[in-house]
file protein-v1.txt (compact mmCIF, C-alpha atoms)
# COMPACT_ATOMS: atom_id res chain seq x y z
CA MET A 1 0.00 0.00 0.00
CA LYS A 2 2.84 2.35 0.90
CA TYR A 3 4.61 1.83 -2.42
CA ARG A 4 1.34 2.20 -4.30
CA SER A 5 0.76 5.59 -2.63
CA ILE A 6 4.26 6.75 -3.52
CA ALA A 7 3.77 5.64 -7.12
CA MET A 8 0.47 7.50 -7.31
CA LEU A 9 2.09 10.65 -5.90
CA ILE A 10 4.87 10.49 -8.50
CA PHE A 11 2.25 10.02 -11.22
CA LEU A 12 0.22 13.02 -10.10
CA VAL A 13 3.31 15.23 -9.92
CA SER A 14 4.34 14.12 -13.41
CA VAL A 15 0.88 14.88 -14.80
CA SER A 16 0.96 18.29 -13.14
CA LEU A 17 4.33 19.10 -14.69
CA VAL A 18 3.18 17.95 -18.12
CA ASN A 19 0.02 20.05 -17.89
CA ALA A 20 2.06 23.09 -16.84
CA ALA A 21 4.37 22.60 -19.82
CA GLU A 22 1.39 22.23 -22.17
CA LYS A 23 -0.05 25.52 -20.99
CA GLY A 24 2.98 27.37 -22.32
CA LYS A 25 4.79 30.48 -21.20
CA HIS A 26 3.72 33.86 -19.88
CA LEU A 27 4.86 36.64 -22.20
CA PHE A 28 5.37 40.14 -20.82
CA ILE A 29 5.85 42.97 -23.32
CA LEU A 30 7.23 46.17 -21.75
CA SER A 31 7.32 49.36 -23.78
CA GLY A 32 7.00 53.14 -23.65
CA GLN A 33 9.26 56.15 -23.34
CA SER A 34 11.92 57.33 -20.87
CA ASN A 35 10.50 56.10 -17.57
CA MET A 36 10.12 52.63 -19.05
CA LYS A 37 13.56 52.84 -20.62
CA ARG A 38 15.13 53.73 -17.26
CA MET A 39 13.39 50.87 -15.46
CA ASP A 40 15.58 47.77 -15.35
CA PRO A 41 13.23 44.75 -15.42
CA ASP A 42 15.97 42.52 -14.02
CA LEU A 43 15.96 44.53 -10.81
CA SER A 44 12.41 43.86 -9.66
CA PHE A 45 9.93 43.06 -12.46
CA SER A 46 11.44 39.85 -13.78
CA PRO A 47 12.36 38.40 -10.36
CA THR A 48 8.77 38.91 -9.21
CA VAL A 49 7.10 37.18 -12.17
CA VAL A 50 9.73 34.44 -12.16
CA GLU A 51 9.05 33.76 -8.50
CA GLU A 52 5.35 33.42 -9.30
CA PHE A 53 5.50 31.36 -12.50
CA GLY A 54 8.99 29.84 -12.63
CA GLU A 55 11.98 30.87 -14.69
CA ASP A 56 11.22 28.46 -17.53
CA ASN A 57 7.66 29.75 -17.84
CA VAL A 58 8.39 33.45 -18.32
CA ILE A 59 9.45 35.55 -21.32
CA VAL A 60 10.11 39.26 -20.76
CA VAL A 61 10.65 41.57 -23.73
CA LYS A 62 11.37 45.26 -23.19
CA PHE A 63 11.86 48.00 -25.75
CA ALA A 64 11.50 51.70 -24.93
CA GLU A 65 12.70 55.03 -26.31
CA GLY A 66 12.73 58.30 -24.41
CA GLY A 67 10.69 61.33 -25.50
CA LYS A 68 8.62 59.54 -28.13
CA PRO A 69 4.87 60.02 -28.84
CA ILE A 70 2.38 57.18 -29.11
CA ARG A 71 2.16 57.63 -32.89
CA ARG A 72 5.59 55.96 -33.08
CA TRP A 73 3.78 52.80 -31.90
CA TYR A 74 0.16 53.16 -33.06
CA LYS A 75 0.04 53.01 -36.84
CA LYS A 76 -3.46 54.45 -37.27
CA TRP A 77 -2.85 57.47 -35.07
CA LYS A 78 -4.43 60.73 -36.23
CA PRO A 79 -4.36 64.21 -34.69
CA ALA A 80 -7.60 65.78 -33.52
CA GLU A 81 -7.36 68.32 -36.35
CA GLY A 82 -5.41 68.51 -39.58
CA GLY A 83 -3.16 65.95 -41.17
CA GLU A 84 0.11 66.58 -39.37
CA PRO A 85 1.99 65.09 -37.69
CA GLN A 86 1.54 61.58 -39.04
CA ALA A 87 1.89 58.14 -37.50
CA THR A 88 4.92 56.02 -38.31
CA GLY A 89 4.70 52.94 -36.09
CA ASP A 90 8.42 52.40 -36.49
CA LEU A 91 9.06 51.80 -32.79
CA TYR A 92 6.24 49.29 -32.68
CA ASP A 93 7.82 47.38 -35.56
CA ARG A 94 11.12 47.23 -33.69
CA LEU A 95 9.32 46.03 -30.58
CA MET A 96 7.47 43.30 -32.45
CA ALA A 97 10.64 42.09 -34.12
CA MET A 98 12.01 41.47 -30.63
CA VAL A 99 8.77 39.83 -29.48
CA ASN A 100 8.55 37.49 -32.46
CA LYS A 101 12.15 36.42 -32.00
CA ALA A 102 11.63 35.78 -28.29
CA ILE A 103 8.53 33.62 -28.72
CA GLN A 104 9.75 31.64 -31.71
CA GLY A 105 9.34 27.94 -30.96
CA ASN A 106 7.45 28.61 -27.73
CA GLU A 107 3.83 28.04 -26.80
CA VAL A 108 2.49 31.22 -25.23
CA GLU A 109 -0.28 30.85 -22.66
CA THR A 110 -0.76 34.49 -21.68
CA VAL A 111 0.34 37.89 -22.96
CA THR A 112 0.58 40.98 -20.76
CA PHE A 113 1.38 44.38 -22.25
CA VAL A 114 2.98 46.85 -19.82
CA TRP A 115 2.88 50.46 -20.99
CA MET A 116 4.65 53.54 -19.52
CA GLN A 117 4.20 56.48 -21.87
CA GLY A 118 2.25 59.70 -22.43
CA GLU A 119 4.59 62.49 -21.35
CA ARG A 120 5.40 63.47 -24.92
CA ASP A 121 1.76 63.44 -26.03
CA ALA A 122 0.86 65.71 -23.10
CA LYS A 123 3.67 68.09 -24.05
CA ASP A 124 2.54 68.13 -27.69
CA LYS A 125 -1.10 68.65 -26.61
CA HIS A 126 -2.45 65.51 -28.24
CA ASP A 127 -4.46 64.47 -25.20
CA GLN A 128 -7.77 64.58 -27.12
CA VAL A 129 -6.83 61.49 -29.12
CA TYR A 130 -4.77 59.67 -26.51
CA ALA A 131 -7.48 57.32 -25.23
CA GLU A 132 -8.45 56.28 -28.74
CA SER A 133 -4.78 55.82 -29.65
CA LEU A 134 -3.92 53.68 -26.64
CA ASN A 135 -6.97 51.49 -27.15
CA GLY A 136 -6.00 51.24 -30.79
CA LEU A 137 -2.46 50.22 -29.89
CA ILE A 138 -3.73 47.39 -27.69
CA HIS A 139 -6.03 46.18 -30.48
CA GLN A 140 -3.14 46.43 -32.93
CA LEU A 141 -1.08 44.17 -30.68
CA GLU A 142 -3.96 41.70 -30.35
CA GLU A 143 -4.36 41.52 -34.11
CA ASP A 144 -0.67 41.00 -34.75
CA LEU A 145 -0.39 38.25 -32.14
CA GLY A 146 -3.69 36.70 -33.18
CA ARG A 147 -5.22 36.90 -29.71
CA GLY A 148 -8.23 38.47 -28.06
CA ASP A 149 -7.06 37.97 -24.51
CA ILE A 150 -4.15 40.33 -23.94
CA ASN A 151 -3.87 41.76 -20.43
CA PHE A 152 -2.47 45.26 -20.10
CA VAL A 153 -1.01 47.35 -17.30
CA ILE A 154 -0.64 51.11 -17.68
CA GLY A 155 1.73 53.28 -15.69
CA ARG A 156 -0.25 56.46 -15.06
CA LEU A 157 1.67 59.70 -15.64
CA SER A 158 3.12 61.04 -12.39
CA ASP A 159 2.24 64.32 -10.65
CA CYS A 160 5.14 66.06 -12.38
CA VAL A 161 3.11 68.66 -14.32
CA MET A 162 -0.30 68.86 -12.70
CA THR A 163 -0.64 72.49 -13.83
CA SER A 164 -1.03 71.26 -17.41
CA SER A 165 -4.58 70.37 -18.45
CA HIS A 166 -3.16 68.17 -21.20
CA TRP A 167 -1.08 66.22 -18.67
CA VAL A 168 -4.08 65.75 -16.37
CA ALA A 169 -6.28 64.68 -19.29
CA ILE A 170 -3.87 61.91 -20.26
CA ARG A 171 -3.69 60.72 -16.64
CA GLU A 172 -7.47 60.50 -16.61
CA ALA A 173 -7.57 58.71 -19.97
CA GLN A 174 -5.09 56.09 -18.77
CA VAL A 175 -7.13 55.32 -15.68
CA LYS A 176 -10.39 55.20 -17.64
CA ILE A 177 -9.01 52.74 -20.17
CA ALA A 178 -7.57 50.47 -17.49
CA GLU A 179 -10.66 50.50 -15.30
CA GLY A 180 -12.94 50.01 -18.28
CA SER A 181 -11.60 46.55 -19.05
CA LYS A 182 -11.43 43.36 -17.02
CA ARG A 183 -8.07 42.80 -18.67
CA GLY A 184 -6.71 46.21 -17.70
CA ALA A 185 -5.01 47.70 -14.66
CA TRP A 186 -2.99 50.81 -13.84
CA VAL A 187 -0.29 51.68 -11.35
CA ASP A 188 0.28 54.91 -9.45
CA THR A 189 3.61 56.69 -9.95
CA ASP A 190 2.98 59.87 -7.96
CA ASP A 191 5.27 58.75 -5.14
CA LEU A 192 8.11 57.50 -7.35
CA ASN A 193 9.65 60.85 -8.33
CA ASP A 194 10.55 62.15 -4.85
CA GLY A 195 13.95 61.31 -3.39
CA LEU A 196 17.38 60.60 -4.81
CA ASN A 197 17.92 60.07 -8.52
CA LYS A 198 20.71 58.00 -10.03
CA LYS A 199 23.09 60.97 -9.78
CA GLY A 200 22.47 61.20 -6.05
CA LYS A 201 20.54 64.44 -6.45
CA LYS A 202 17.42 65.02 -4.38
CA VAL A 203 14.37 65.59 -6.57
CA LYS A 204 10.72 66.45 -5.98
CA ASN A 205 7.91 65.74 -8.48
CA ASP A 206 10.54 65.16 -11.14
CA LEU A 207 9.81 63.99 -14.68
CA HIS A 208 11.91 60.92 -14.03
CA TYR A 209 11.82 58.63 -11.04
CA THR A 210 14.27 57.99 -8.26
CA VAL A 211 16.50 54.94 -8.01
CA GLU A 212 14.13 53.39 -5.51
CA GLY A 213 11.19 54.60 -7.57
CA TYR A 214 12.17 52.51 -10.59
CA LYS A 215 12.55 49.44 -8.40
CA ILE A 216 9.07 49.99 -6.95
CA LEU A 217 7.66 50.62 -10.43
CA GLY A 218 8.89 47.22 -11.56
CA GLU A 219 7.34 45.57 -8.51
CA ARG A 220 4.00 47.30 -9.11
CA PHE A 221 3.94 46.38 -12.78
CA ALA A 222 4.71 42.77 -11.93
CA GLY A 223 2.13 42.64 -9.15
CA LYS A 224 -0.68 43.96 -11.35
CA SER A 225 0.39 41.65 -14.19
CA ILE A 226 0.17 38.62 -11.93
CA GLU A 227 -3.23 39.71 -10.62
CA LEU A 228 -4.62 40.01 -14.15
CA ILE A 229 -3.25 36.65 -15.23
CA GLN A 230 -4.76 34.91 -12.22
CA LYS A 231 -8.09 36.73 -12.51
CA ASN A 232 -8.49 36.07 -16.23
CA ALA A 233 -7.12 32.53 -16.25
CA GLN A 234 -10.48 31.11 -17.36
CA GLN A 235 -11.27 33.87 -19.85
CA ARG A 236 -8.88 33.16 -22.71
CA ASP A 237 -9.90 34.54 -26.10
CA VAL A 238 -12.85 36.42 -24.62
CA PRO A 239 -12.27 40.10 -25.41
CA ASP A 240 -14.29 42.68 -23.52
CA ARG A 241 -13.21 45.94 -25.16
CA LYS A 242 -14.87 47.51 -28.16
call {"tool": "encode", "arguments": {"input": "protein-v1.txt", "output": "structure tokens"}}
result
Amino acid sequence: MKYRSIAMLIFLVSVSLVNAAEKGKHLFILSGQSNMKRMDPDLSFSPTVVEEFGEDNVIVVKFAEGGKPIRRWYKKWKPAEGGEPQATGDLYDRLMAMVNKAIQGNEVETVTFVWMQGERDAKDKHDQVYAESLNGLIHQLEEDLGRGDINFVIGRLSDCVMTSSHWVAIREAQVKIAEGSKRGAWVDTDDLNDGLNKKGKKVKNDLHYTVEGYKILGERFAGKSIELIQKNAQQRDVPDRK
């Protein structure tokens, strides 16, 4: 009886491991402008998701460029008025080249898009079309990956320029998009830009975050990503955004 119980235990563990392997990997796509570029995923983001899912079950791809507007990602971007400037989507293409290379030969169970951007669009006063553009970017990613179940986490703009109505409008748009979808979430960054930056200088409400701020940002992104994956585990291929 004892040996039979041990054999059964080994069998159940083996089945569990096989099922886990069949489910595939969790893909995390990190992109945006300078505050994403300055965040090192190896410092806090990757360790957190690896601890949750296992090193062999996680793929993290990050590509970010400082000071760039969303039209460098969203190919159908249009200004509220006129025909200029125009969308290029060139940064998105570079991102997807990295993603496609990383997932080649792998079965992907979940995809989570982590986005930290909007400062440039606020500066250029393109807040009127930001919500439509960000939603469009997420749909664009879904279409290119052939999925309707992409989770997304948005880093809301910090409290750096609260005197700007354009800045505030983009903050509000980011929250609305995230809270309007069961696959969306957002993280607060208002407390990440007070303290010491990488040069050892004390900053307050700075455009960029402190050394500790970037570490916390990675932890928050990872935490929200894990929450969404767990919450939507039974909802694959069931989109809920129009």
call {"tool": "atom_distance", "arguments": {"input": "protein-v1.txt", "atom1": "atom CA of Arg71 of chain A", "atom2": "atom CA of Val161 of chain A"}}
result
21.6 Å
call {"tool": "closest_residue", "arguments": {"input": "protein-v1.txt", "among": "A:Val211, A:Val61, A:Asp149, A:Gln33", "to": "Ser46 of chain A", "atoms": "all atoms listed in the file"}}
result
A:Val61
call {"tool": "closest_residue", "arguments": {"input": "protein-v1.txt", "among": "A:Asp194, A:Glu109, A:Asp206, A:Asp42", "to": "Cys160 of chain A", "atoms": "only C-alpha atoms"}}
result
A:Asp206
call {"tool": "closest_residue", "arguments": {"input": "protein-v1.txt", "among": "A:Ile59, A:Leu145, A:Leu196, A:Ala122", "to": "His208 of chain A", "atoms": "all atoms listed in the file"}}
result
A:Leu196
call {"tool": "residues_around", "arguments": {"input": "protein-v1.txt", "residues": "Glu227 of chain A", "least_positions_apart": "3", "cutoff": "12 Å", "atoms": "all atoms listed in the file", "output": "PyMOL selection string"}}
result
chain A and resi 49+52+112+151-153+182-186+220-224+230-233
call {"tool": "residues_around", "arguments": {"input": "protein-v1.txt", "residues": "Glu142 of chain A", "least_positions_apart": "3", "cutoff": "12 Å", "atoms": "all atoms listed in the file", "output": "VMD selection string"}}
result
chain A and resid 96 110 to 113 135 to 139 145 to 152 237 to 239 241
call {"tool": "build_atoms", "arguments": {"input": "protein-v1.txt", "residues": "segment 66-100 of chain A", "atoms": "N, CA and C atoms", "output": "PDB file, keeping the file's coordinate frame"}}
result
ATOM      1  N   GLY A  66      13.103  57.089 -25.111  1.00  0.00           N
ATOM      2  CA  GLY A  66      12.730  58.300 -24.410  1.00  0.00           C
ATOM      3  C   GLY A  66      12.179  59.391 -25.322  1.00  0.00           C
ATOM      4  N   GLY A  67      11.205  60.155 -24.802  1.00  0.00           N
ATOM      5  CA  GLY A  67      10.690  61.330 -25.500  1.00  0.00           C
ATOM      6  C   GLY A  67       9.891  61.064 -26.750  1.00  0.00           C
ATOM      7  N   LYS A  68       9.318  59.877 -26.881  1.00  0.00           N
ATOM      8  CA  LYS A  68       8.620  59.540 -28.130  1.00  0.00           C
ATOM      9  C   LYS A  68       7.108  59.491 -27.928  1.00  0.00           C
ATOM     10  N   PRO A  69       6.343  60.008 -28.909  1.00  0.00           N
ATOM     11  CA  PRO A  69       4.870  60.020 -28.840  1.00  0.00           C
ATOM     12  C   PRO A  69       4.285  58.662 -29.214  1.00  0.00           C
ATOM     13  N   ILE A  70       3.033  58.468 -28.872  1.00  0.00           N
ATOM     14  CA  ILE A  70       2.380  57.180 -29.110  1.00  0.00           C
ATOM     15  C   ILE A  70       2.244  56.865 -30.597  1.00  0.00           C
ATOM     16  N   ARG A  71       2.271  57.881 -31.446  1.00  0.00           N
ATOM     17  CA  ARG A  71       2.160  57.630 -32.890  1.00  0.00           C
ATOM     18  C   ARG A  71       3.361  56.864 -33.430  1.00  0.00           C
ATOM     19  N   ARG A  72       4.448  56.772 -32.678  1.00  0.00           N
ATOM     20  CA  ARG A  72       5.590  55.960 -33.080  1.00  0.00           C
ATOM     21  C   ARG A  72       5.316  54.466 -32.832  1.00  0.00           C
ATOM     22  N   TRP A  73       4.228  54.187 -32.128  1.00  0.00           N
ATOM     23  CA  TRP A  73       3.780  52.800 -31.900  1.00  0.00           C
ATOM     24  C   TRP A  73       2.468  52.515 -32.635  1.00  0.00           C
ATOM     25  N   TYR A  74       1.486  53.405 -32.480  1.00  0.00           N
ATOM     26  CA  TYR A  74       0.160  53.160 -33.060  1.00  0.00           C
ATOM     27  C   TYR A  74       0.118  53.635 -34.505  1.00  0.00           C
ATOM     28  N   LYS A  75      -0.081  52.720 -35.421  1.00  0.00           N
ATOM     29  CA  LYS A  75       0.040  53.010 -36.840  1.00  0.00           C
ATOM     30  C   LYS A  75      -1.149  53.766 -37.442  1.00  0.00           C
ATOM     31  N   LYS A  76      -2.286  53.752 -36.753  1.00  0.00           N
ATOM     32  CA  LYS A  76      -3.460  54.450 -37.270  1.00  0.00           C
ATOM     33  C   LYS A  76      -3.713  55.757 -36.520  1.00  0.00           C
ATOM     34  N   TRP A  77      -2.718  56.232 -35.830  1.00  0.00           N
ATOM     35  CA  TRP A  77      -2.850  57.470 -35.070  1.00  0.00           C
ATOM     36  C   TRP A  77      -3.183  58.647 -35.985  1.00  0.00           C
ATOM     37  N   LYS A  78      -4.089  59.503 -35.506  1.00  0.00           N
ATOM     38  CA  LYS A  78      -4.430  60.730 -36.230  1.00  0.00           C
ATOM     39  C   LYS A  78      -4.597  61.864 -35.236  1.00  0.00           C
ATOM     40  N   PRO A  79      -4.166  63.068 -35.590  1.00  0.00           N
ATOM     41  CA  PRO A  79      -4.360  64.210 -34.690  1.00  0.00           C
ATOM     42  C   PRO A  79      -5.833  64.597 -34.646  1.00  0.00           C
ATOM     43  N   ALA A  80      -6.206  65.365 -33.647  1.00  0.00           N
ATOM     44  CA  ALA A  80      -7.600  65.780 -33.520  1.00  0.00           C
ATOM     45  C   ALA A  80      -8.021  66.659 -34.701  1.00  0.00           C
ATOM     46  N   GLU A  81      -7.081  67.450 -35.216  1.00  0.00           N
ATOM     47  CA  GLU A  81      -7.360  68.320 -36.350  1.00  0.00           C
ATOM     48  C   GLU A  81      -6.174  68.303 -37.317  1.00  0.00           C
ATOM     49  N   GLY A  82      -6.470  68.437 -38.581  1.00  0.00           N
ATOM     50  CA  GLY A  82      -5.410  68.510 -39.580  1.00  0.00           C
ATOM     51  C   GLY A  82      -4.824  67.148 -39.918  1.00  0.00           C
ATOM     52  N   GLY A  83      -3.781  67.190 -40.729  1.00  0.00           N
ATOM     53  CA  GLY A  83      -3.160  65.950 -41.170  1.00  0.00           C
ATOM     54  C   GLY A  83      -1.748  65.744 -40.673  1.00  0.00           C
ATOM     55  N   GLU A  84      -1.247  66.676 -39.893  1.00  0.00           N
ATOM     56  CA  GLU A  84       0.110  66.580 -39.370  1.00  0.00           C
ATOM     57  C   GLU A  84       0.099  66.727 -37.850  1.00  0.00           C
ATOM     58  N   PRO A  85       1.023  66.057 -37.173  1.00  0.00           N
ATOM     59  CA  PRO A  85       1.990  65.090 -37.690  1.00  0.00           C
ATOM     60  C   PRO A  85       1.337  63.763 -38.036  1.00  0.00           C
ATOM     61  N   GLN A  86       2.094  62.856 -38.617  1.00  0.00           N
ATOM     62  CA  GLN A  86       1.540  61.580 -39.040  1.00  0.00           C
ATOM     63  C   GLN A  86       2.149  60.429 -38.248  1.00  0.00           C
ATOM     64  N   ALA A  87       1.411  59.341 -38.200  1.00  0.00           N
ATOM     65  CA  ALA A  87       1.890  58.140 -37.500  1.00  0.00           C
ATOM     66  C   ALA A  87       2.977  57.462 -38.318  1.00  0.00           C
ATOM     67  N   THR A  88       3.881  56.791 -37.627  1.00  0.00           N
ATOM     68  CA  THR A  88       4.920  56.020 -38.310  1.00  0.00           C
ATOM     69  C   THR A  88       4.892  54.550 -37.877  1.00  0.00           C
ATOM     70  N   GLY A  89       4.716  54.313 -36.580  1.00  0.00           N
ATOM     71  CA  GLY A  89       4.700  52.940 -36.090  1.00  0.00           C
ATOM     72  C   GLY A  89       6.040  52.254 -36.120  1.00  0.00           C
ATOM     73  N   ASP A  90       7.110  53.009 -36.346  1.00  0.00           N
ATOM     74  CA  ASP A  90       8.420  52.400 -36.490  1.00  0.00           C
ATOM     75  C   ASP A  90       8.929  51.756 -35.189  1.00  0.00           C
ATOM     76  N   LEU A  91       8.615  52.377 -34.051  1.00  0.00           N
ATOM     77  CA  LEU A  91       9.060  51.800 -32.790  1.00  0.00           C
ATOM     78  C   LEU A  91       8.291  50.524 -32.461  1.00  0.00           C
ATOM     79  N   TYR A  92       7.049  50.493 -32.865  1.00  0.00           N
ATOM     80  CA  TYR A  92       6.240  49.290 -32.680  1.00  0.00           C
ATOM     81  C   TYR A  92       6.830  48.136 -33.496  1.00  0.00           C
ATOM     82  N   ASP A  93       7.233  48.417 -34.709  1.00  0.00           N
ATOM     83  CA  ASP A  93       7.820  47.380 -35.560  1.00  0.00           C
ATOM     84  C   ASP A  93       9.100  46.823 -34.941  1.00  0.00           C
ATOM     85  N   ARG A  94       9.900  47.690 -34.353  1.00  0.00           N
ATOM     86  CA  ARG A  94      11.120  47.230 -33.690  1.00  0.00           C
ATOM     87  C   ARG A  94      10.795  46.388 -32.468  1.00  0.00           C
ATOM     88  N   LEU A  95       9.768  46.806 -31.734  1.00  0.00           N
ATOM     89  CA  LEU A  95       9.320  46.030 -30.580  1.00  0.00           C
ATOM     90  C   LEU A  95       8.855  44.649 -30.997  1.00  0.00           C
ATOM     91  N   MET A  96       8.029  44.586 -32.033  1.00  0.00           N
ATOM     92  CA  MET A  96       7.470  43.300 -32.450  1.00  0.00           C
ATOM     93  C   MET A  96       8.511  42.370 -33.042  1.00  0.00           C
ATOM     94  N   ALA A  97       9.551  42.934 -33.627  1.00  0.00           N
ATOM     95  CA  ALA A  97      10.640  42.090 -34.120  1.00  0.00           C
ATOM     96  C   ALA A  97      11.295  41.364 -32.946  1.00  0.00           C
ATOM     97  N   MET A  98      11.450  42.071 -31.831  1.00  0.00           N
ATOM     98  CA  MET A  98      12.010  41.470 -30.630  1.00  0.00           C
ATOM     99  C   MET A  98      11.065  40.429 -30.035  1.00  0.00           C
ATOM    100  N   VAL A  99       9.773  40.753 -30.030  1.00  0.00           N
ATOM    101  CA  VAL A  99       8.770  39.830 -29.480  1.00  0.00           C
ATOM    102  C   VAL A  99       8.723  38.542 -30.291  1.00  0.00           C
ATOM    103  N   ASN A 100       8.651  38.668 -31.600  1.00  0.00           N
ATOM    104  CA  ASN A 100       8.550  37.490 -32.460  1.00  0.00           C
ATOM    105  C   ASN A 100       9.782  36.598 -32.346  1.00  0.00           C
TER     106      ASN A 100
END
